[in-house]
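Before any comments, here is the structure.
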Amino acid sequence: LREECGVSGWTLLQFLGDAVLVPAGAPHQVQSLTGTISVEQRFLSPENAARLRDRSTHPQLRAQLDGIIFSAVREAVGVLRGRE
C-alpha cells in the first residue's frame, strides 16, 4: 500500500487494560495472538447520519438512518423541554 497509495500501516501490541481508539472511517485489521474478548462501540453522530441518509439509495439503510435521526431529535427536544 505504501508504494501504490502512499499509505503506511502501524503495528501495535495491546496489553491487558489497554484500549485502542480507531478513528471513524479508518480501515483497520486485527490479529489476535491469544484468546481475546473484543468490545466495540460504533458511533454515528446525528449530523453525519443525516448526510449519509441524503446520499444513500439503499431503502433499508435509509430506514435505519431515519430511526437514528428521529431518536436524536426526540432526545434533543426532551432536553430542551427539561425532560432529560
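A note on labels: chains of the C-alpha cells are A, B, ... as shown, every chain counts residues from 1, and ligands are counted from 1 in their shown order.
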
Residues at most 12 Å from Pro46 (chain A), counting only C-alpha atoms, excluding those fewer than 3 positions away in the same chain, as a list in words?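 Selected residues are Phe43, Ala49, Ala50, Arg51, Leu52, Arg53, Leu65, Asp66, Gly67, Ile68, Ile69, Phe70, Ser71, Ala72, Val73, Arg74, Glu75 and Ala76 of chain A.
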
For the residues selected in the previous step, produce a file with C-alpha atoms as a tab-separated table (two decimals), in the first residue's frame.
```
chain	number	residue	atom	x	y	z
A	43	PHE	CA	-20.70	5.98	16.91
A	49	ALA	CA	-26.44	10.28	9.83
A	50	ALA	CA	-28.42	12.98	8.02
A	51	ARG	CA	-25.63	13.48	5.48
A	52	LEU	CA	-25.30	9.74	4.89
A	53	ARG	CA	-29.09	9.36	4.55
A	65	LEU	CA	-30.86	6.21	9.49
A	66	ASP	CA	-34.35	7.70	9.76
A	67	GLY	CA	-34.70	5.90	13.10
A	68	ILE	CA	-31.35	7.24	14.33
A	69	ILE	CA	-32.24	10.78	13.29
A	70	PHE	CA	-35.72	10.55	14.85
A	71	SER	CA	-34.28	9.31	18.15
A	72	ALA	CA	-31.68	12.10	18.21
A	73	VAL	CA	-34.31	14.77	17.54
A	74	ARG	CA	-36.68	13.31	20.15
A	75	GLU	CA	-33.88	13.31	22.74
A	76	ALA	CA	-32.86	16.89	21.87
```

Which residues come within 12 Å of Thr34 (chain A), counting only C-alpha atoms, excluding same-chain residues fewer than 6 positions away, as a PyMOL selection string? chain A and resi 13-16

Atom pair CA of Thr36 (chain A) / CA of Asp18 (chain A): separation (Å):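 Between CA of Thr36 (chain A) and CA of Asp18 (chain A) the gap works out to 12.6 Å.
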
Between A:Trp10, A:Leu80, A:Arg55, A:Arg62, which one has atoms that come closest to Val30 (chain A), using only C-alpha atoms? A:Trp10

Which residues are close to Gly25 (chain A), i.e. within 12 Å by only C-alpha atoms, leaving aside same-chain residues fewer than 3 positions away? Reply as a ChimeraX atom specification. /A:21-22,28,42-44,48

So how far away is CA of Glu47 (chain A) from CA of Pro59 (chain A), in Å? 19.2 Å

Step one, run DSSP on the backbone; step two, keep only residues of chain A assigned to alpha helix (DSSP H); then write them as a short mmCIF file (atom, residue, chain, number, x, y, z; two decimals) with N, CA and C atoms, in the first residue's frame.
```cif
data_model
loop_
_atom_site.label_atom_id
_atom_site.label_comp_id
_atom_site.auth_asym_id
_atom_site.auth_seq_id
_atom_site.Cartn_x
_atom_site.Cartn_y
_atom_site.Cartn_z
N ARG A 2 1.99 1.17 0.64
CA ARG A 2 2.84 2.36 0.71
C ARG A 2 3.27 2.79 -0.69
N GLU A 3 3.69 1.84 -1.50
CA GLU A 3 4.16 2.17 -2.84
C GLU A 3 3.02 2.57 -3.76
N GLU A 4 1.89 1.87 -3.67
CA GLU A 4 0.77 2.13 -4.58
C GLU A 4 -0.04 3.37 -4.20
N CYS A 5 -0.29 3.54 -2.90
CA CYS A 5 -1.22 4.60 -2.47
C CYS A 5 -0.61 5.58 -1.48
N PRO A 46 -25.63 12.43 14.77
CA PRO A 46 -26.85 12.76 14.02
C PRO A 46 -26.55 13.56 12.75
N GLU A 47 -25.56 14.45 12.83
CA GLU A 47 -25.22 15.26 11.65
C GLU A 47 -24.73 14.37 10.51
N ASN A 48 -23.86 13.42 10.83
CA ASN A 48 -23.36 12.52 9.80
C ASN A 48 -24.44 11.53 9.34
N ALA A 49 -25.34 11.17 10.24
CA ALA A 49 -26.44 10.28 9.83
C ALA A 49 -27.31 10.96 8.78
N ALA A 50 -27.60 12.24 8.99
CA ALA A 50 -28.42 12.98 8.02
C ALA A 50 -27.70 13.10 6.69
N ARG A 51 -26.41 13.36 6.72
CA ARG A 51 -25.63 13.48 5.48
C ARG A 51 -25.58 12.14 4.74
N LEU A 52 -25.36 11.07 5.49
CA LEU A 52 -25.30 9.74 4.89
C LEU A 52 -26.66 9.35 4.32
N ARG A 53 -27.74 9.69 5.03
CA ARG A 53 -29.09 9.36 4.55
C ARG A 53 -29.36 10.04 3.22
N ASP A 54 -28.97 11.30 3.12
CA ASP A 54 -29.21 12.05 1.88
C ASP A 54 -28.48 11.44 0.69
N ARG A 55 -27.36 10.79 0.95
CA ARG A 55 -26.56 10.21 -0.14
C ARG A 55 -26.89 8.75 -0.43
N PRO A 59 -32.82 1.38 0.49
CA PRO A 59 -34.01 1.64 1.33
C PRO A 59 -33.86 1.21 2.79
N GLN A 60 -33.23 0.05 3.04
CA GLN A 60 -33.10 -0.40 4.43
C GLN A 60 -32.16 0.50 5.22
N LEU A 61 -31.07 0.93 4.59
CA LEU A 61 -30.15 1.84 5.27
C LEU A 61 -30.83 3.17 5.55
N ARG A 62 -31.59 3.67 4.60
CA ARG A 62 -32.31 4.94 4.80
C ARG A 62 -33.29 4.81 5.97
N ALA A 63 -33.98 3.68 6.07
CA ALA A 63 -34.93 3.47 7.17
C ALA A 63 -34.21 3.43 8.52
N GLN A 64 -33.06 2.76 8.57
CA GLN A 64 -32.30 2.72 9.82
C GLN A 64 -31.81 4.12 10.20
N LEU A 65 -31.34 4.85 9.22
CA LEU A 65 -30.86 6.21 9.49
C LEU A 65 -32.00 7.12 9.91
N ASP A 66 -33.18 6.93 9.33
CA ASP A 66 -34.35 7.70 9.76
C ASP A 66 -34.62 7.47 11.25
N GLY A 67 -34.50 6.22 11.69
CA GLY A 67 -34.70 5.90 13.10
C GLY A 67 -33.68 6.57 13.99
N ILE A 68 -32.42 6.58 13.55
CA ILE A 68 -31.35 7.24 14.33
C ILE A 68 -31.63 8.73 14.42
N ILE A 69 -31.98 9.34 13.31
CA ILE A 69 -32.24 10.78 13.29
C ILE A 69 -33.46 11.11 14.16
N PHE A 70 -34.52 10.32 14.05
CA PHE A 70 -35.72 10.55 14.85
C PHE A 70 -35.40 10.47 16.34
N SER A 71 -34.64 9.46 16.73
CA SER A 71 -34.28 9.31 18.15
C SER A 71 -33.45 10.49 18.64
N ALA A 72 -32.52 10.96 17.82
CA ALA A 72 -31.68 12.10 18.21
C ALA A 72 -32.52 13.36 18.37
N VAL A 73 -33.45 13.59 17.45
CA VAL A 73 -34.31 14.77 17.54
C VAL A 73 -35.22 14.67 18.76
N ARG A 74 -35.79 13.49 18.99
CA ARG A 74 -36.68 13.31 20.15
C ARG A 74 -35.91 13.58 21.45
N GLU A 75 -34.67 13.08 21.54
CA GLU A 75 -33.88 13.31 22.74
C GLU A 75 -33.54 14.79 22.90
N ALA A 76 -33.19 15.46 21.81
CA ALA A 76 -32.86 16.89 21.87
C ALA A 76 -34.08 17.71 22.31
N VAL A 77 -35.25 17.39 21.77
CA VAL A 77 -36.47 18.11 22.17
C VAL A 77 -36.77 17.87 23.65
N GLY A 78 -36.57 16.63 24.12
CA GLY A 78 -36.77 16.34 25.53
C GLY A 78 -35.85 17.15 26.42
N VAL A 79 -34.58 17.29 26.01
CA VAL A 79 -33.63 18.10 26.79
C VAL A 79 -34.08 19.56 26.81
N LEU A 80 -34.50 20.06 25.65
CA LEU A 80 -34.94 21.47 25.58
C LEU A 80 -36.17 21.71 26.44
#
```

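Across the model, the gap from CA of Ser38 (chain A) to CA of Leu1 (chain A) is 26.7 Å.
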